[in-house]
$ cat input01.cif   # mmCIF, C-alpha atoms
data_coords
loop_
_atom_site.group_PDB
_atom_site.id
_atom_site.type_symbol
_atom_site.label_atom_id
_atom_site.label_comp_id
_atom_site.auth_asym_id
_atom_site.auth_seq_id
_atom_site.Cartn_x
_atom_site.Cartn_y
_atom_site.Cartn_z
ATOM 1 C CA ILE A 1 0.000 0.000 0.000
ATOM 2 C CA PHE A 2 2.730 2.427 0.945
ATOM 3 C CA GLY A 3 5.264 1.350 -1.686
ATOM 4 C CA ASP A 4 8.979 1.609 -1.002
ATOM 5 C CA ILE A 5 9.195 3.339 2.374
ATOM 6 C CA ARG A 6 12.580 4.265 3.818
ATOM 7 C CA THR A 7 13.265 5.752 7.258
ATOM 8 C CA SER A 8 16.644 7.238 6.370
ATOM 9 C CA SER A 9 15.109 10.054 4.325
ATOM 10 C CA THR A 10 11.796 11.742 3.567
ATOM 11 C CA GLU A 11 11.783 10.644 -0.033
ATOM 12 C CA THR A 12 9.514 8.331 -1.992
ATOM 13 C CA ARG A 13 10.844 6.826 -5.199
ATOM 14 C CA THR A 14 8.638 6.113 -8.192
ATOM 15 C CA SER A 15 10.726 4.484 -10.950
ATOM 16 C CA ASP A 16 13.570 7.002 -11.617
ATOM 17 C CA GLU A 17 11.780 10.053 -10.250
ATOM 18 C CA THR A 18 12.340 11.426 -6.775
ATOM 19 C CA THR A 19 9.691 13.464 -4.979
ATOM 20 C CA GLN A 20 10.152 15.367 -1.730
ATOM 21 C CA ILE A 21 7.459 14.946 0.924
ATOM 22 C CA ALA A 22 6.361 18.106 2.694
ATOM 23 C CA GLY A 23 6.702 17.724 6.434
ATOM 24 C CA PRO A 24 7.916 14.789 8.547
ATOM 25 C CA VAL A 25 7.389 11.135 7.667
ATOM 26 C CA PRO A 26 4.163 9.851 9.312
ATOM 27 C CA LYS A 27 4.853 7.780 12.414
ATOM 28 C CA SER A 28 3.075 4.730 11.020
ATOM 29 C CA TRP A 29 5.256 4.787 7.858
ATOM 30 C CA ALA A 30 8.447 4.854 9.899
ATOM 31 C CA LEU A 31 7.255 1.930 12.016
ATOM 32 C CA LEU A 32 6.482 -0.148 8.962
ATOM 33 C CA SER A 33 9.924 0.413 7.483
ATOM 34 C CA SER A 34 11.987 0.010 10.645
ATOM 35 C CA GLY A 35 10.384 -3.255 11.729
ATOM 36 C CA GLU A 36 9.914 -1.938 15.267
ATOM 37 C CA PRO A 37 6.499 -2.477 16.869
ATOM 38 C CA ASP A 38 4.358 0.463 17.838
ATOM 39 C CA TYR A 39 4.836 0.364 21.601
ATOM 40 C CA GLU A 40 2.013 2.868 22.066
ATOM 41 C CA SER A 41 -0.590 0.688 20.339
ATOM 42 C CA SER A 42 -3.203 -1.544 21.933
ATOM 43 C CA THR A 43 -2.103 -4.318 19.571
ATOM 44 C CA TRP A 44 1.373 -4.367 21.091
ATOM 45 C CA ARG A 45 0.081 -4.150 24.665
ATOM 46 C CA ARG A 46 -2.288 -7.064 24.032
ATOM 47 C CA ASP A 47 0.595 -9.145 22.656
ATOM 48 C CA ALA A 48 2.973 -8.093 25.438
ATOM 49 C CA LEU A 49 0.528 -9.196 28.150
ATOM 50 C CA SER A 50 -0.661 -12.325 26.330
ATOM 51 C CA ILE A 51 1.534 -14.748 28.304
ATOM 52 C CA PHE A 52 0.532 -13.236 31.641
ATOM 53 C CA PHE A 53 -3.190 -13.318 30.815
ATOM 54 C CA ALA A 54 -3.138 -16.740 29.149
ATOM 55 C CA HIS A 55 -1.674 -18.537 32.160
ATOM 56 C CA THR A 56 -4.043 -17.352 34.863
ATOM 57 C CA ASP A 57 -6.260 -20.412 34.498
ATOM 58 C CA SER A 58 -7.478 -20.311 38.092
ATOM 59 C CA HIS A 59 -8.883 -16.828 37.457
ATOM 60 C CA PRO A 60 -10.294 -16.842 33.929
ATOM 61 C CA ASP A 61 -11.641 -13.500 32.761
ATOM 62 C CA LYS A 62 -13.070 -13.439 29.274
ATOM 63 C CA GLY A 63 -16.076 -11.244 29.969
ATOM 64 C CA PHE A 64 -14.688 -8.066 28.447
ATOM 65 C CA GLY A 65 -14.262 -9.693 25.054
ATOM 66 C CA PHE A 66 -10.703 -8.553 24.362
ATOM 67 C CA GLU A 67 -9.392 -12.119 24.260
ATOM 68 C CA GLU A 68 -9.597 -13.891 20.936
ATOM 69 C CA GLY A 69 -12.835 -15.820 20.504
ATOM 70 C CA SER A 70 -14.551 -14.350 23.572
ATOM 71 C CA VAL A 71 -17.872 -12.493 23.579
ATOM 72 C CA PRO A 72 -18.426 -9.694 26.112
ATOM 73 C CA SER A 73 -21.415 -9.873 28.416
ATOM 74 C CA LEU A 74 -23.926 -7.034 28.761
ATOM 75 C CA ILE A 75 -22.417 -5.674 31.977
ATOM 76 C CA HIS A 76 -18.935 -5.675 30.437
ATOM 77 C CA LEU A 77 -20.247 -3.892 27.348
ATOM 78 C CA CYS A 78 -21.732 -1.226 29.615
ATOM 79 C CA LEU A 79 -18.447 -0.774 31.472
ATOM 80 C CA ARG A 80 -16.554 -0.540 28.196
ATOM 81 C CA ALA A 81 -18.989 2.109 26.954
ATOM 82 C CA LEU A 82 -18.622 4.126 30.168
ATOM 83 C CA VAL A 83 -14.818 4.005 30.012
ATOM 84 C CA ASN A 84 -14.722 4.845 26.316
ATOM 85 C CA HIS A 85 -17.075 7.796 26.796
ATOM 86 C CA TYR A 86 -15.999 9.251 30.150
ATOM 87 C CA GLY A 87 -12.386 8.067 30.309
ATOM 88 C CA THR A 88 -10.503 6.729 33.323
ATOM 89 C CA GLU A 89 -10.120 9.807 35.482
ATOM 90 C CA PRO A 90 -9.985 9.024 39.235
ATOM 91 C CA GLN A 91 -13.371 10.639 39.915
ATOM 92 C CA ILE A 92 -15.024 8.448 37.260
ATOM 93 C CA ILE A 93 -13.434 5.295 38.678
ATOM 94 C CA GLU A 94 -14.437 6.343 42.189
ATOM 95 C CA GLU A 95 -18.086 6.629 41.162
ATOM 96 C CA LEU A 96 -18.014 3.170 39.561
ATOM 97 C CA LEU A 97 -16.156 1.459 42.395
ATOM 98 C CA PRO A 98 -19.117 0.729 44.734
ATOM 99 C CA TYR A 99 -20.861 -1.198 41.943
ATOM 100 C CA LEU A 100 -17.899 -3.361 40.910
ATOM 101 C CA SER A 101 -17.166 -6.785 42.309
ATOM 102 C CA PRO A 102 -13.481 -7.845 42.636
ATOM 103 C CA SER A 103 -13.695 -9.856 39.408
ATOM 104 C CA LEU A 104 -15.202 -6.892 37.535
ATOM 105 C CA ARG A 105 -12.457 -4.627 38.833
ATOM 106 C CA ARG A 106 -9.884 -7.118 37.595
ATOM 107 C CA GLY A 107 -11.538 -7.294 34.197
ATOM 108 C CA LEU A 108 -11.760 -3.512 33.930
ATOM 109 C CA MET A 109 -8.103 -3.217 34.924
ATOM 110 C CA ARG A 110 -7.084 -5.651 32.199
ATOM 111 C CA TYR A 111 -9.234 -3.950 29.597
ATOM 112 C CA THR A 112 -7.835 -0.500 30.318
ATOM 113 C CA ALA A 113 -4.273 -1.866 30.455
ATOM 114 C CA ILE A 114 -4.666 -2.747 26.785
ATOM 115 C CA PHE A 115 -6.941 -0.036 25.386
ATOM 116 C CA ALA A 116 -6.655 2.944 27.781
ATOM 117 C CA PRO A 117 -3.780 2.650 30.295
ATOM 118 C CA MET A 118 -4.577 4.389 33.571
ATOM 119 C CA THR A 119 -2.473 6.782 35.579
ATOM 120 C CA THR A 120 -1.122 5.683 38.945
ATOM 121 C CA ARG A 121 -3.861 7.586 40.763
ATOM 122 C CA SER A 122 -6.667 6.120 38.654
ATOM 123 C CA ALA A 123 -5.305 2.583 38.993
ATOM 124 C CA TYR A 124 -5.095 2.737 42.770
ATOM 125 C CA THR A 125 -8.544 4.272 42.941
ATOM 126 C CA LEU A 126 -9.771 1.169 41.127
ATOM 127 C CA PHE A 127 -7.814 -1.106 43.477
ATOM 128 C CA GLY A 128 -9.628 0.338 46.465
ATOM 129 C CA HIS A 129 -8.588 -0.404 50.039
ATOM 130 C CA GLU A 130 -7.257 -3.863 49.066
ATOM 131 C CA GLY A 131 -4.483 -2.296 46.965
ATOM 132 C CA HIS A 132 -5.128 -4.657 44.037
ATOM 133 C CA ALA A 133 -7.924 -6.043 41.873
ATOM 134 C CA ASP A 134 -8.875 -9.535 43.025
ATOM 135 C CA GLY A 135 -5.270 -10.415 43.836
ATOM 136 C CA GLU A 136 -3.842 -8.890 40.665
ATOM 137 C CA ILE A 137 -2.019 -5.702 39.661
ATOM 138 C CA VAL A 138 -1.447 -4.685 36.028
ATOM 139 C CA LEU A 139 0.185 -1.303 35.433
ATOM 140 C CA VAL A 140 1.258 0.145 32.088
ATOM 141 C CA GLY A 141 3.689 3.064 31.978
ATOM 142 C CA PRO A 142 4.892 5.625 31.515
ATOM 143 C CA ARG A 143 1.982 7.269 33.397
ATOM 144 C CA ALA A 144 1.623 4.486 35.970
ATOM 145 C CA ALA A 145 4.102 3.056 38.456
ATOM 146 C CA LEU A 146 3.968 0.578 41.305
ATOM 147 C CA ARG A 147 3.650 2.034 44.790
ATOM 148 C CA VAL A 148 5.760 0.337 47.439
ATOM 149 C CA ASP A 149 3.093 0.805 50.107
ATOM 150 C CA ALA A 150 0.709 -1.344 48.034
ATOM 151 C CA LEU A 151 2.851 -4.449 48.492
ATOM 152 C CA ARG A 152 1.749 -5.324 52.011
ATOM 153 C CA HIS A 153 2.836 -8.553 53.657
ATOM 154 C CA ASP A 154 1.549 -8.195 57.184
ATOM 155 C CA ASN A 155 -2.220 -8.557 56.646
ATOM 156 C CA LYS A 156 -2.893 -5.508 58.835
ATOM 157 C CA PRO A 157 -5.994 -3.379 58.327
ATOM 158 C CA LEU A 158 -5.506 -0.608 55.784
ATOM 159 C CA ALA A 159 -7.199 1.956 58.043
ATOM 160 C CA PRO A 160 -7.994 2.076 61.754
ATOM 161 C CA GLU A 161 -11.317 0.502 62.619
ATOM 162 C CA PRO A 162 -13.952 2.976 63.915
ATOM 163 C CA LEU A 163 -14.119 2.827 67.709
ATOM 164 C CA HIS A 164 -17.873 3.363 67.854
ATOM 165 C CA GLU A 165 -18.680 0.423 65.581
ATOM 166 C CA GLU A 166 -18.797 -3.040 67.046
ATOM 167 C CA ILE A 167 -19.367 -6.243 65.132
ATOM 168 C CA LYS A 168 -21.486 -8.710 66.980
ATOM 169 C CA GLU A 169 -20.134 -12.215 67.012
ATOM 170 C CA ASP A 170 -23.529 -13.651 66.151
ATOM 171 C CA SER A 171 -23.898 -11.362 63.109
ATOM 172 C CA TRP A 172 -24.265 -13.345 59.886
ATOM 173 C CA ASP A 173 -21.723 -11.155 58.069
ATOM 174 C CA ALA A 174 -19.254 -10.718 60.946
ATOM 175 C CA SER A 175 -16.632 -13.076 59.533
ATOM 176 C CA GLU A 176 -16.946 -11.540 56.066
ATOM 177 C CA GLU A 177 -16.395 -7.994 57.325
ATOM 178 C CA SER A 178 -13.446 -9.068 59.440
ATOM 179 C CA GLU A 179 -11.907 -10.832 56.463
ATOM 180 C CA SER A 180 -12.361 -7.893 54.107
ATOM 181 C CA SER A 181 -10.472 -5.572 56.461
ATOM 182 C CA LEU A 182 -7.248 -7.514 55.954
ATOM 183 C CA ALA A 183 -4.742 -6.158 53.463
ATOM 184 C CA LEU A 184 -3.801 -9.302 51.587
ATOM 185 C CA PRO A 185 -0.884 -8.899 49.148
ATOM 186 C CA PRO A 186 -1.375 -9.509 45.407
ATOM 187 C CA VAL A 187 -0.393 -12.859 43.910
ATOM 188 C CA ARG A 188 -0.188 -11.731 40.259
ATOM 189 C CA LEU A 189 1.769 -8.674 39.152
ATOM 190 C CA ALA A 190 2.420 -7.266 35.665
ATOM 191 C CA LEU A 191 4.445 -4.110 35.000
ATOM 192 C CA VAL A 192 4.835 -2.796 31.453
ATOM 193 C CA HIS A 193 7.166 0.026 30.365
ATOM 194 C CA THR A 194 7.749 1.353 33.865
ATOM 195 C CA THR A 195 10.587 1.529 36.386
ATOM 196 C CA VAL A 196 11.179 -1.073 39.084
ATOM 197 C CA THR A 197 13.194 0.608 41.811
ATOM 198 C CA PHE A 198 15.197 -1.241 44.450
ATOM 199 C CA PRO A 199 12.583 -0.548 47.186
ATOM 200 C CA VAL A 200 9.903 -2.022 44.926
ATOM 201 C CA LEU A 201 12.064 -5.043 44.115
ATOM 202 C CA SER A 202 12.768 -5.596 47.815
ATOM 203 C CA SER A 203 9.055 -5.378 48.650
ATOM 204 C CA LEU A 204 7.736 -7.929 46.152
ATOM 205 C CA PRO A 205 5.301 -10.263 47.949
ATOM 206 C CA PRO A 206 6.781 -13.740 48.511
ATOM 207 C CA LEU A 207 3.429 -15.302 47.569
ATOM 208 C CA LEU A 208 3.559 -14.057 43.969
ATOM 209 C CA THR A 209 2.807 -16.831 41.484
ATOM 210 C CA HIS A 210 2.688 -14.748 38.261
ATOM 211 C CA LEU A 211 5.146 -11.959 37.502
ATOM 212 C CA ALA A 212 5.552 -10.002 34.251
ATOM 213 C CA LEU A 213 8.279 -7.359 33.963
ATOM 214 C CA ILE A 214 7.919 -6.259 30.356
ATOM 215 C CA ARG A 215 10.009 -3.597 28.597
ATOM 216 C CA LEU A 216 11.252 -2.049 31.814
ATOM 217 C CA THR A 217 12.795 1.396 31.484
ATOM 218 C CA SER A 218 15.983 0.299 33.295
ATOM 219 C CA PRO A 219 17.703 -3.027 34.113
ATOM 220 C CA ILE A 220 17.040 -4.873 37.338
ATOM 221 C CA PRO A 221 19.052 -7.616 39.110
ATOM 222 C CA VAL A 222 16.993 -10.610 37.989
ATOM 223 C CA HIS A 223 19.138 -12.928 40.120
ATOM 224 C CA ARG A 224 17.483 -11.453 43.233
ATOM 225 C CA LEU A 225 13.995 -12.567 42.200
ATOM 226 C CA PRO A 226 14.243 -16.223 43.402
ATOM 227 C CA ASP A 227 14.780 -14.974 46.960
ATOM 228 C CA LYS A 228 11.941 -12.462 46.758
ATOM 229 C CA CYS A 229 9.415 -14.608 44.868
ATOM 230 C CA PRO A 230 10.211 -18.322 45.416
ATOM 231 C CA LEU A 231 6.732 -19.543 44.378
ATOM 232 C CA LEU A 232 6.673 -18.158 40.833
ATOM 233 C CA GLU A 233 4.890 -20.300 38.256
ATOM 234 C CA VAL A 234 4.902 -17.810 35.359
ATOM 235 C CA LEU A 235 7.704 -15.299 34.742
ATOM 236 C CA ASP A 236 7.664 -13.005 31.705
ATOM 237 C CA LEU A 237 10.751 -10.866 31.032
ATOM 238 C CA SER A 238 9.914 -10.055 27.418
ATOM 239 C CA TYR A 239 11.067 -6.960 25.523
ATOM 240 C CA ASN A 240 14.076 -6.392 27.791
ATOM 241 C CA PRO A 241 17.127 -6.400 25.480
ATOM 242 C CA TRP A 242 19.401 -5.559 28.432
ATOM 243 C CA LEU A 243 19.075 -9.215 29.533
ATOM 244 C CA LYS A 244 21.495 -10.075 26.738
ATOM 245 C CA SER A 245 24.024 -7.420 27.810
ATOM 246 C CA PRO A 246 26.714 -7.709 30.515
ATOM 247 C CA ALA A 247 25.286 -6.886 33.929
ATOM 248 C CA TRP A 248 26.498 -6.970 37.540
ATOM 249 C CA GLY A 249 29.880 -8.324 36.534
ATOM 250 C CA GLU A 250 28.457 -11.262 34.581
ATOM 251 C CA ALA A 251 28.245 -12.123 30.894
ATOM 252 C CA ASP A 252 24.529 -11.331 30.762
ATOM 253 C CA GLY A 253 21.582 -10.408 32.939
ATOM 254 C CA LEU A 254 20.539 -14.042 33.515
ATOM 255 C CA ALA A 255 23.962 -15.501 34.365
ATOM 256 C CA ARG A 256 23.558 -15.363 38.158
ATOM 257 C CA VAL A 257 19.956 -16.589 38.312
ATOM 258 C CA GLN A 258 19.598 -19.793 40.352
ATOM 259 C CA TRP A 259 16.827 -21.375 38.304
ATOM 260 C CA GLN A 260 16.606 -24.480 40.491
ATOM 261 C CA ARG A 261 15.231 -22.372 43.330
ATOM 262 C CA TRP A 262 12.065 -21.879 41.295
ATOM 263 C CA GLY A 263 10.709 -25.373 41.754
ATOM 264 C CA SER A 264 7.193 -24.383 40.623
ATOM 265 C CA LEU A 265 8.217 -22.430 37.516
ATOM 266 C CA ARG A 266 6.442 -23.715 34.402
ATOM 267 C CA VAL A 267 6.492 -20.794 31.905
ATOM 268 C CA LEU A 268 9.301 -18.341 31.113
ATOM 269 C CA GLY A 269 8.835 -15.547 28.569
ATOM 270 C CA CYS A 270 11.900 -14.006 26.905
ATOM 271 C CA ARG A 271 10.463 -12.548 23.710
ATOM 272 C CA LYS A 272 12.516 -9.884 21.906
ATOM 273 C CA CYS A 273 15.365 -10.120 24.411
ATOM 274 C CA GLY A 274 18.001 -11.201 21.909
ATOM 275 C CA PHE A 275 17.822 -14.910 22.755
ATOM 276 C CA GLU A 276 17.152 -17.644 20.215
ATOM 277 C CA VAL A 277 15.686 -21.109 20.657
ATOM 278 C CA GLY A 278 18.301 -23.268 22.355
ATOM 279 C CA ALA A 279 20.401 -20.318 23.523
ATOM 280 C CA PRO A 280 23.022 -21.402 26.105
ATOM 281 C CA GLU A 281 21.819 -18.692 28.504
ATOM 282 C CA LEU A 282 18.392 -20.362 28.589
ATOM 283 C CA ALA A 283 19.660 -23.955 28.622
ATOM 284 C CA LYS A 284 20.353 -23.616 32.350
ATOM 285 C CA VAL A 285 16.655 -23.039 33.063
ATOM 286 C CA ASN A 286 15.803 -26.739 32.661
ATOM 287 C CA ASP A 287 19.006 -28.131 34.128
ATOM 288 C CA ARG A 288 18.238 -30.913 36.637
ATOM 289 C CA ARG A 289 14.467 -30.572 36.332
ATOM 290 C CA TRP A 290 11.974 -33.415 36.188
ATOM 291 C CA VAL A 291 9.514 -31.316 34.185
ATOM 292 C CA ASP A 292 10.872 -28.783 31.694
ATOM 293 C CA VAL A 293 9.876 -25.141 31.858
ATOM 294 C CA THR A 294 8.155 -23.876 28.702
ATOM 295 C CA ILE A 295 10.410 -21.113 27.350
ATOM 296 C CA ILE A 296 8.826 -18.637 24.937
ATOM 297 C CA VAL A 297 11.258 -16.594 22.812
#
$ encode --input "input01.cif" --output "structure tokens"
Amino acid sequence: IFGDIRTSSTETRTSDETTQIAGPVPKSWALLSSGEPDYESSTWRRDALSIFFAHTDSHPDKGFGFEEGSVPSLIHLCLRALVNHYGTEPQIIEELLPYLSPSLRRGLMRYTAIFAPMTTRSAYTLFGHEGHADGEIVLVGPRAALRVDALRHDNKPLAPEPLHEEIKEDSWDASEESESSLALPPVRLALVHTTVTFPVLSSLPPLLTHLALIRLTSPIPVHRLPDKCPLLEVLDLSYNPWLKSPAWGEADGLARVQWQRWGSLRVLGCRKCGFEVGAPELAKVNDRRWVDVTIIV
């Protein structure tokens, strides 16, 4: 459709004739010629998060209809219409929050992560007092970042209980209210195109089972993750080319990772990191394992 498109100049060539284009080359033309994906597109975000979403079998969420082959329900269509019309400003999310169950909040979070990434303030408004959406956090930068205070491990109440309110032991909802006041940490975390600082890395919940650190803005010491998150089942490190570069005195960013400490690991994503199928850096992942980890490159 676009003919011979070249990013090195603003020229289009038709046979032997050269014509100058007025103004800069359209962004979409440059992307087509360079082979680089459009990191600002919903198509790329859907692909980037595909491994993380596809392997949360215990919490399926196909109601919003953004997964292939799924049909949105009426309530999800209404939420999509509200978000598309009013946006995701904190005040809009705050008005919706009382009417959203945890599973609906998770679905709305996933939908906006792909089609309308929220700011940090909007995302944490959606998370409510739990600090996550049904045990899951998905944040897409650069306008959203993970807050360290959201990664609670102590199961303490998020706010002091009112002194004048007493819950009767024989109340039918007493146990439910007591349970909801606990600040349980998330078990699934996905961060896309954002920064993971050392305080955030040190505060990762040890109960995490799914972790996606996709196209981070700066390298992190991956070899520290087995100590912080020993129960990981799914780990996605896609779109991080710095994994292939020398880091922390080693040949590459994965050299010091003790893969055997992840006894439950079953899926590892390393797309667009510079590794090929059978790369020696990834051969260590399945060393001395009874069941091989599925490695996606």
$ resolve_selection --input "input01.cif" --expression "the PyMOL selection byres ((chain A and resi 227-243) around 6)" --output "PyMOL selection string"
chain A and resi 206+208-215+224-226+244-245+252-253+262+264-273
$ resolve_selection --input "input01.cif" --expression "the PyMOL selection byres ((chain A and resi 142-150) around 7)" --output "list in words"
Met118, Thr119, Thr120, Gly131, Leu139, Val140, Gly141, Leu151, Arg152, His193, Thr194, Thr195, Pro199, Val200 and Ser203 of chain A
$ atom_distance --input "input01.cif" --atom1 "atom CA of A:Val293" --atom2 "atom CA of A:Val277"
13.2 Å
$ residues_around --input "input01.cif" --residues "stretch 95-105 of chain A" --least-positions-apart "4" --cutoff "8 Å" --atoms "all atoms listed in the file" --output "number ranges by chain"
A: 61, 91, 109, 126-128, 133-134
$ atom_distance --input "input01.cif" --atom1 "atom CA of A:Arg121" --atom2 "atom CA of A:Ser218"
22.4 Å
$ closest_residue --input "input01.cif" --among "A:Leu189, A:Leu254, A:Ile296, A:Ser202" --to "A:Pro219" --atoms "only C-alpha atoms"
A:Leu254
$ atom_distance --input "input01.cif" --atom1 "atom CA of A:Asp38" --atom2 "atom CA of A:Tyr86"
25.4 Å
$ axis_aligned_box --input "input01.cif" --around "stretch 249-266 of chain A" --padding-each-side "6 Å" --output "JSON"
{"center_x": 18.2, "center_y": -16.8, "center_z": 37.0, "size_x": 35.4, "size_y": 29.0, "size_z": 24.6}
$ closest_residue --input "input01.cif" --among "A:Gln258, A:Ile93, A:Arg110, A:Leu282" --to "A:Ser42" --atoms "only C-alpha atoms"
A:Arg110
